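Peer 1: Data file query.pdb (PDB, C-alpha atoms) is appended below.
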ATOM      1  CA  MET V 199      22.883  -5.628  14.083
ATOM      2  CA  ALA V 200      19.533  -3.878  14.100
ATOM      3  CA  ALA V 201      17.272  -4.974  16.935
ATOM      4  CA  SER V 202      13.880  -4.661  15.241
ATOM      5  CA  ASP V 203      12.191  -7.436  13.299
ATOM      6  CA  TRP V 204      10.912  -6.220   9.943
ATOM      7  CA  ARG V 205      10.753  -7.313   6.320
ATOM      8  CA  LEU V 206       9.505  -5.778   3.061
ATOM      9  CA  GLU V 207       9.034  -8.041   0.067
ATOM     10  CA  GLY V 208       7.533  -6.737  -3.161
ATOM     11  CA  GLU V 209       7.736  -4.735  -6.373
ATOM     12  CA  TRP V 210      10.138  -1.801  -6.502
ATOM     13  CA  MET V 211      10.618   1.032  -8.954
ATOM     14  CA  LYS V 212      13.259   3.741  -8.937
ATOM     15  CA  ASN V 213      12.680   6.534 -11.458
ATOM     16  CA  CYS V 214      14.782   9.673 -11.715
ATOM     17  CA  ASN V 215      15.819  12.571 -13.948
ATOM     18  CA  CYS V 216      19.049  10.913 -15.133
ATOM     19  CA  ALA V 217      19.798   9.256 -18.468
ATOM     20  CA  PHE V 218      19.094   5.533 -18.817
ATOM     21  CA  GLY V 219      21.424   3.533 -16.598
ATOM     22  CA  CYS V 220      21.276   5.527 -13.324
ATOM     23  CA  PRO V 221      24.840   6.796 -12.745
ATOM     24  CA  CYS V 222      24.392   6.228  -8.982
ATOM     25  CA  ASP V 223      24.424   2.471  -9.620
ATOM     26  CA  PHE V 224      27.908   2.905 -11.091
ATOM     27  CA  ASN V 225      29.222   5.333  -8.450
ATOM     28  CA  ALA V 226      29.183   8.066 -11.084
ATOM     29  CA  LEU V 227      27.886  11.634 -10.921
ATOM     30  CA  PRO V 228      24.235  12.351 -11.831
ATOM     31  CA  THR V 229      23.636  13.100 -15.513
ATOM     32  CA  HIS V 230      22.727  16.753 -14.880
ATOM     33  CA  GLY V 231      24.762  17.200 -11.706
ATOM     34  CA  TYR V 232      21.758  16.790  -9.403
ATOM     35  CA  CYS V 233      19.167  14.118  -8.682
ATOM     36  CA  LYS V 234      15.399  14.454  -8.596
ATOM     37  CA  GLY V 235      13.446  11.249  -8.534
ATOM     38  CA  MET V 236      11.305   8.798  -6.663
ATOM     39  CA  VAL V 237      11.207   5.274  -5.368
ATOM     40  CA  GLY V 238       7.982   3.370  -4.942
ATOM     41  CA  MET V 239       7.002  -0.045  -3.651
ATOM     42  CA  ARG V 240       3.990  -2.312  -3.538
ATOM     43  CA  ILE V 241       4.491  -4.587  -0.544
ATOM     44  CA  THR V 242       3.313  -8.103  -1.316
ATOM     45  CA  THR V 243       4.386  -9.414   2.084
ATOM     46  CA  GLY V 244       5.729  -7.324   4.907
ATOM     47  CA  HIS V 245       5.751  -6.539   8.599
ATOM     48  CA  PHE V 246       7.338  -4.391  11.264
ATOM     49  CA  GLU V 247       7.467  -6.273  14.547
ATOM     50  CA  GLY V 248       3.872  -7.517  14.898
ATOM     51  CA  VAL V 249       2.307  -5.092  12.409
ATOM     52  CA  LYS V 250       1.456  -6.585   9.013
ATOM     53  CA  LEU V 251       2.047  -4.406   5.929
ATOM     54  CA  ASP V 252       0.830  -6.767   3.188
ATOM     55  CA  GLY V 253      -0.696  -5.033   0.165
ATOM     56  CA  LEU V 254       0.250  -1.463   1.079
ATOM     57  CA  CYS V 255       2.095   0.954  -1.210
ATOM     58  CA  PHE V 256       4.451   3.803  -0.476
ATOM     59  CA  ALA V 257       6.666   6.200  -2.388
ATOM     60  CA  VAL V 258       9.437   8.631  -1.519
ATOM     61  CA  VAL V 259      10.216  11.676  -3.668
ATOM     62  CA  VAL V 260      13.780  12.986  -3.393
ATOM     63  CA  ASP V 261      15.867  15.983  -4.393
ATOM     64  CA  PHE V 262      19.661  16.025  -4.081
ATOM     65  CA  PRO V 263      21.740  19.062  -5.154
ATOM     66  CA  GLY V 264      24.634  16.828  -6.211
ATOM     67  CA  ALA V 265      25.596  13.183  -6.052
ATOM     68  CA  LEU V 266      23.650  11.259  -3.416
ATOM     69  CA  HIS V 267      26.738  10.439  -1.348
ATOM     70  CA  GLN V 268      27.392  14.188  -0.978
ATOM     71  CA  GLY V 269      24.197  14.504   1.043
ATOM     72  CA  ASN V 270      22.015  17.566   1.733
ATOM     73  CA  GLY V 271      19.040  15.761   0.242
ATOM     74  CA  LYS V 272      15.352  16.492   0.654
ATOM     75  CA  MET V 273      12.628  13.862   0.720
ATOM     76  CA  GLN V 274       8.864  13.558   1.054
ATOM     77  CA  PRO V 275       7.195  10.266   1.963
ATOM     78  CA  ILE V 276       3.854   9.384   0.375
ATOM     79  CA  VAL V 277       1.970   6.602   2.137
ATOM     80  CA  ASP V 278      -1.032   4.548   1.133
ATOM     81  CA  GLN V 279      -4.077   6.163   2.713
ATOM     82  CA  ARG V 280      -5.465   2.690   3.495
ATOM     83  CA  ALA V 281      -2.742   2.210   6.111
ATOM     84  CA  THR V 282      -3.943   2.315   9.705
ATOM     85  CA  LEU V 283      -2.227   4.592  12.209
ATOM     86  CA  GLU V 284      -0.257   1.584  13.420
ATOM     87  CA  GLN V 285       0.803   0.661   9.879
ATOM     88  CA  ARG V 286       1.774   4.253   9.092
ATOM     89  CA  GLN V 287       4.028   4.372  12.124
ATOM     90  CA  ALA V 288       5.496   0.995  11.183
ATOM     91  CA  LEU V 289       6.405   2.274   7.703
ATOM     92  CA  PHE V 290       7.882   5.478   9.131
ATOM     93  CA  ASN V 291       9.962   3.378  11.518
ATOM     94  CA  ILE V 292      11.409   1.448   8.569
ATOM     95  CA  LEU V 293      11.973   4.543   6.429
ATOM     96  CA  SER V 294      13.723   6.328   9.313
ATOM     97  CA  GLY V 295      16.707   3.984   9.055
ATOM     98  CA  LYS V 296      16.845   3.729  12.855
ATOM     99  CA  HIS V 297      15.913   0.058  12.710
ATOM    100  CA  SER V 298      18.425  -0.951  10.015
ATOM    101  CA  ALA V 299      22.043  -2.015  10.182
ATOM    102  CA  GLU V 300      24.795   0.354   9.118
ATOM    103  CA  GLY V 301      25.318   0.497   5.354
ATOM    104  CA  THR V 302      21.825  -0.684   4.419
ATOM    105  CA  LEU V 303      19.439   1.247   2.182
ATOM    106  CA  PHE V 304      17.313   3.046   4.754
ATOM    107  CA  HIS V 305      20.259   3.682   7.076
ATOM    108  CA  ILE V 306      22.172   5.315   4.221
ATOM    109  CA  PHE V 307      19.169   7.489   3.372
ATOM    110  CA  SER V 308      18.985   8.658   6.980
ATOM    111  CA  LEU V 309      22.557   9.959   6.644
ATOM    112  CA  ILE V 310      22.245  11.749   3.305
ATOM    113  CA  VAL V 311      18.827  13.391   3.778
ATOM    114  CA  THR V 312      18.768  16.605   5.812
ATOM    115  CA  THR V 313      15.214  17.813   5.083
ATOM    116  CA  ILE V 314      12.127  15.626   5.451
ATOM    117  CA  HIS V 315       8.900  17.226   4.281
ATOM    118  CA  ASP V 316       5.605  16.352   5.929
ATOM    119  CA  PRO V 317       4.246  13.014   4.691
ATOM    120  CA  ILE V 318       1.289  12.787   2.350
ATOM    121  CA  PHE V 319      -1.381  10.116   2.667
ATOM    122  CA  ALA V 320      -2.968   9.345  -0.691
ATOM    123  CA  PRO V 321      -4.774   6.647  -2.671
ATOM    124  CA  PHE V 322      -2.400   4.581  -4.798
ATOM    125  CA  GLU V 323      -2.697   3.059  -8.239
ATOM    126  CA  PHE V 324       0.147   0.612  -8.839
ATOM    127  CA  SER V 325       0.732  -1.699 -11.798
ATOM    128  CA  PHE V 326       3.967  -3.578 -12.421
ATOM    129  CA  ASP V 327       5.282  -5.910 -15.120
ATOM    130  CA  LYS V 328       9.018  -6.216 -14.612
ATOM    131  CA  ASP V 329       9.727  -8.527 -17.537
ATOM    132  CA  GLY V 330       7.648  -6.358 -19.872
ATOM    133  CA  ARG V 331       9.322  -3.193 -18.472
ATOM    134  CA  VAL V 332       5.899  -1.616 -18.008
ATOM    135  CA  ALA V 333       4.720  -0.034 -14.773
ATOM    136  CA  LYS V 334       2.663   2.811 -13.401
ATOM    137  CA  LEU V 335       2.328   4.503 -10.040
ATOM    138  CA  VAL V 336      -0.204   7.193  -9.222
ATOM    139  CA  ALA V 337      -0.418   8.634  -5.705
ATOM    140  CA  GLY V 338      -3.414  10.929  -5.480
ATOM    141  CA  ASP V 339      -2.731  14.187  -7.271
ATOM    142  CA  VAL V 340       0.852  14.565  -6.029
ATOM    143  CA  LEU V 341       2.817  11.937  -7.956
ATOM    144  CA  GLU V 342       2.401  10.092 -11.230
ATOM    145  CA  THR V 343       4.971   8.044 -13.125
ATOM    146  CA  GLU V 344       4.710   5.704 -16.088
ATOM    147  CA  VAL V 345       7.354   3.243 -17.247
ATOM    148  CA  GLU V 346       7.798   1.698 -20.686
ATOM    149  CA  PRO V 347      10.596  -0.124 -22.490
ATOM    150  CA  ILE V 348      13.491   1.884 -23.869
ATOM    151  CA  LYS V 349      13.088   2.123 -27.656
ATOM    152  CA  ASN V 350      15.800   1.571 -30.243
ATOM    153  CA  PRO V 351      16.357   5.078 -31.694
ATOM    154  CA  VAL V 352      16.576   3.721 -35.256
ATOM    155  CA  THR V 353      14.010   0.926 -35.432
ATOM    156  CA  GLY V 354      11.743   1.815 -32.522
ATOM    157  CA  ALA V 355      11.920  -1.783 -31.287
ATOM    158  CA  PRO V 356      11.936  -2.373 -27.508
ATOM    159  CA  HIS V 357      15.448  -2.468 -26.072
ATOM    160  CA  ARG V 358      16.221  -4.686 -23.085
ATOM    161  CA  ILE V 359      19.038  -4.256 -20.614
ATOM    162  CA  GLN V 360      19.538  -5.412 -17.041
ATOM    163  CA  VAL V 361      21.751  -4.187 -14.217
ATOM    164  CA  VAL V 362      23.012  -6.874 -11.847
ATOM    165  CA  MET V 363      24.459  -5.782  -8.508
ATOM    166  CA  PRO V 364      25.592  -8.806  -6.440
ATOM    167  CA  GLU V 365      26.379  -6.531  -3.478
ATOM    168  CA  GLY V 366      23.718  -3.908  -4.122
ATOM    169  CA  PHE V 367      22.020  -2.315  -1.106
ATOM    170  CA  GLU V 368      18.853  -1.470  -3.080
ATOM    171  CA  HIS V 369      18.332  -4.576  -5.223
ATOM    172  CA  ARG V 370      20.260  -7.491  -6.688
ATOM    173  CA  ALA V 371      19.046  -7.143 -10.288
ATOM    174  CA  ALA V 372      16.800  -4.723 -12.158
ATOM    175  CA  GLU V 373      15.273  -4.269 -15.589
ATOM    176  CA  ILE V 374      16.152  -0.851 -17.009
ATOM    177  CA  ALA V 375      13.394   1.141 -18.675
ATOM    178  CA  SER V 376      12.162   4.625 -19.592
ATOM    179  CA  ALA V 377      10.097   6.770 -17.217
ATOM    180  CA  ASN V 378       7.985   9.884 -17.247
ATOM    181  CA  ILE V 379       7.518  11.551 -13.858
ATOM    182  CA  ARG V 380       5.189  14.306 -12.657
ATOM    183  CA  SER V 381       5.678  15.316  -9.045
ATOM    184  CA  ALA V 382       3.468  18.047  -7.557
ATOM    185  CA  GLY V 383       4.131  17.800  -3.823
ATOM    186  CA  ALA V 384       6.810  19.575  -1.812
ATOM    187  CA  ILE V 385       9.379  18.558  -4.465
ATOM    188  CA  PRO V 386       7.787  19.480  -7.807
ATOM    189  CA  PHE V 387       9.421  18.417 -11.089
ATOM    190  CA  GLU V 388       8.719  16.650 -14.374
ATOM    191  CA  THR V 389      10.725  14.342 -16.606
ATOM    192  CA  GLN V 390      10.164  12.587 -19.907
ATOM    193  CA  GLY V 391      12.102   9.594 -21.181
ATOM    194  CA  THR V 392      14.447   9.344 -18.207
ATOM    195  CA  HIS V 393      15.817   6.445 -16.173
ATOM    196  CA  SER V 394      13.775   3.683 -14.539
ATOM    197  CA  SER V 395      14.810   0.577 -12.588
ATOM    198  CA  LEU V 396      12.236  -2.157 -11.952
ATOM    199  CA  ALA V 397      13.027  -4.911  -9.464
ATOM    200  CA  ASN V 398      11.560  -7.474  -7.131
ATOM    201  CA  VAL V 399      13.174  -6.921  -3.757
ATOM    202  CA  VAL V 400      13.323  -8.225  -0.223
ATOM    203  CA  GLN V 401      14.585  -5.690   2.314
ATOM    204  CA  THR V 402      15.392  -6.604   5.919
ATOM    205  CA  PRO V 403      17.159  -4.861   8.832
ATOM    206  CA  GLU V 404      20.405  -6.456   7.633
ATOM    207  CA  GLY V 405      19.936  -5.360   4.015
ATOM    208  CA  VAL V 406      18.831  -6.947   0.764
ATOM    209  CA  ALA V 407      17.851 -10.587   1.161
ATOM    210  CA  ALA V 408      16.869 -11.078  -2.494
TER     211      ALA V 408
END
With the file now loaded, output its structure as structure tokens.

Peer 2:
Amino acid sequence: MAASDWRLEGEWMKNCNCAFGCPCDFNALPTHGYCKGMVGMRITTGHFEGVKLDGLCFAVVVDFPGALHQGNGKMQPIVDQRATLEQRQALFNILSGKHSAEGTLFHIFSLIVTTIHDPIFAPFEFSFDKDGRVAKLVAGDVLETEVEPIKNPVTGAPHRIQVVMPEGFEHRAAEIASANIRSAGAIPFETQGTHSSLANVVQTPEGVAA
């Protein structure tokens, strides 16, 4: 069991370069053989030990040469510039995976990432409507992603699909949508009409609590 007391509750998006349905969620290989993407969160309620994290945003941009479980990944954290030095360190402590139990999200990331680029501190714009499958995250001039519903290719009508993962280490259930991504930091790439997962999550040292 992890010794530290922390909790992150809030709105979560995972957008990547794969086709709709994120093969990683199904233990399948990435659509194009590699993974470039991002995760982002707006913390509604959170803390690390005695440090409150309510209202802060963060994102992590990633690049994996193959399937995530094969490792050798690169990542760059982007942290809300409003965070104090104490809050920044608290978020880095959580992201490091050193304060999480084995097999949980941040612990797994610590095992499969071999290169961590210097963090960026930026202003965040974050909007999120899970049920409407509409969201947007802008972090300064280094990351921008918009999410909209998947469209029926014949009628153009919004298409709705959910992924439910009772034992998921990232979330329990997510709305699946379509994302555009523009990343201009240490891991530059662009996508149009690729995968997005939108979820409300609660992460703790022992894993997903909701």

Peer 1: Do a neighbour search on V:Leu206 at 10 Å with only C-alpha atoms, toss out local chain neighbours closer than 3 positions, and write the hits as an mmCIF file with C-alpha atoms, in the frame of the given file.

Peer 2:
data_model
loop_
_atom_site.group_PDB
_atom_site.id
_atom_site.type_symbol
_atom_site.label_atom_id
_atom_site.label_comp_id
_atom_site.auth_asym_id
_atom_site.auth_seq_id
_atom_site.Cartn_x
_atom_site.Cartn_y
_atom_site.Cartn_z
ATOM 1 C CA GLU V 209 7.736 -4.735 -6.373
ATOM 2 C CA MET V 239 7.002 -0.045 -3.651
ATOM 3 C CA ARG V 240 3.990 -2.312 -3.538
ATOM 4 C CA ILE V 241 4.491 -4.587 -0.544
ATOM 5 C CA THR V 242 3.313 -8.103 -1.316
ATOM 6 C CA THR V 243 4.386 -9.414 2.084
ATOM 7 C CA GLY V 244 5.729 -7.324 4.907
ATOM 8 C CA HIS V 245 5.751 -6.539 8.599
ATOM 9 C CA PHE V 246 7.338 -4.391 11.264
ATOM 10 C CA LEU V 251 2.047 -4.406 5.929
ATOM 11 C CA ASP V 252 0.830 -6.767 3.188
ATOM 12 C CA LEU V 289 6.405 2.274 7.703
ATOM 13 C CA ILE V 292 11.409 1.448 8.569
ATOM 14 C CA VAL V 399 13.174 -6.921 -3.757
ATOM 15 C CA VAL V 400 13.323 -8.225 -0.223
ATOM 16 C CA GLN V 401 14.585 -5.690 2.314
ATOM 17 C CA THR V 402 15.392 -6.604 5.919
ATOM 18 C CA PRO V 403 17.159 -4.861 8.832
ATOM 19 C CA VAL V 406 18.831 -6.947 0.764
ATOM 20 C CA ALA V 407 17.851 -10.587 1.161
#

Peer 1: The PyMOL selection byres ((chain V and resi 347) around 7) on the file shown: which residues, as number ranges by chain?

Peer 2: V: 331-332, 346, 348-349, 356-357, 375-376

Peer 1: Store the residues of this selection in a file with C-alpha atoms, as a PDB file, in the coordinates of the input.

Peer 2:
ATOM      1  CA  ARG V 331       9.322  -3.193 -18.472  1.00  0.00           C
ATOM      2  CA  VAL V 332       5.899  -1.616 -18.008  1.00  0.00           C
ATOM      3  CA  GLU V 346       7.798   1.698 -20.686  1.00  0.00           C
ATOM      4  CA  ILE V 348      13.491   1.884 -23.869  1.00  0.00           C
ATOM      5  CA  LYS V 349      13.088   2.123 -27.656  1.00  0.00           C
ATOM      6  CA  PRO V 356      11.936  -2.373 -27.508  1.00  0.00           C
ATOM      7  CA  HIS V 357      15.448  -2.468 -26.072  1.00  0.00           C
ATOM      8  CA  ALA V 375      13.394   1.141 -18.675  1.00  0.00           C
ATOM      9  CA  SER V 376      12.162   4.625 -19.592  1.00  0.00           C
TER      10      SER V 376
END

Peer 1: For the structure shown, which residues end up in the PyMOL selection byres ((chain V and resi 267-275) around 6)? Put them as a PyMOL selection string, please?

Peer 2: chain V and resi 257-262+265-266+276+310-315+317

Peer 1: Given the choices V:Leu254, V:Ala371, V:Ala226, V:Ile379, which gets closest to V:Glu207 if the distance is worked out from all atoms listed in the file?

Peer 2: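 Checking each candidate against V:Glu207, we get V:Leu254 as the closest.
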
Peer 1: If I take atom CA of V:Asn378 and atom CA of V:Val237, how far is one from the other in Å, to one decimal?

Peer 2: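 The value is 13.1 Å.
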
Peer 1: Rank V:Asp339, V:Glu284, V:Glu388, V:Glu373 by their smallest atom-to-atom distance to V:Lys234, using all atoms listed in the file, and report the top residue only.

Peer 2: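 Going through V:Asp339, V:Glu284, V:Glu388, V:Glu373 one by one, the smallest distance to V:Lys234 is for V:Glu388.
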
Peer 1: Rounded to one decimal, what separation in Å do you get between atom CA of V:Leu227 and atom CA of V:Leu341?

Peer 2: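 These two atoms are separated by 25.2 Å.
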
Peer 1: Atom CA of V:Phe387 to atom CA of V:Asn213: how many Å, to one decimal?

Peer 2: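 Distance reported for this atom pair: 12.3 Å.
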
Peer 1: Using only C-alpha atoms, list the residues that have an atom at most 6 Å from (9.2, -8.0, -8.4), coordinates as in the file, as a list in words.

Peer 2: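 Residues with an atom close enough to that point: Gly208, Glu209, Ala397 and Asn398 of chain V.
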
Peer 1: Here is a test: counting all atoms listed in the file, which residue of V:Ala337, V:Ser394, V:Asn350, V:Ala377 is nearest to V:Pro221?

Peer 2: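 Comparing V:Ala337, V:Ser394, V:Asn350, V:Ala377 against V:Pro221, the winner is V:Ser394.
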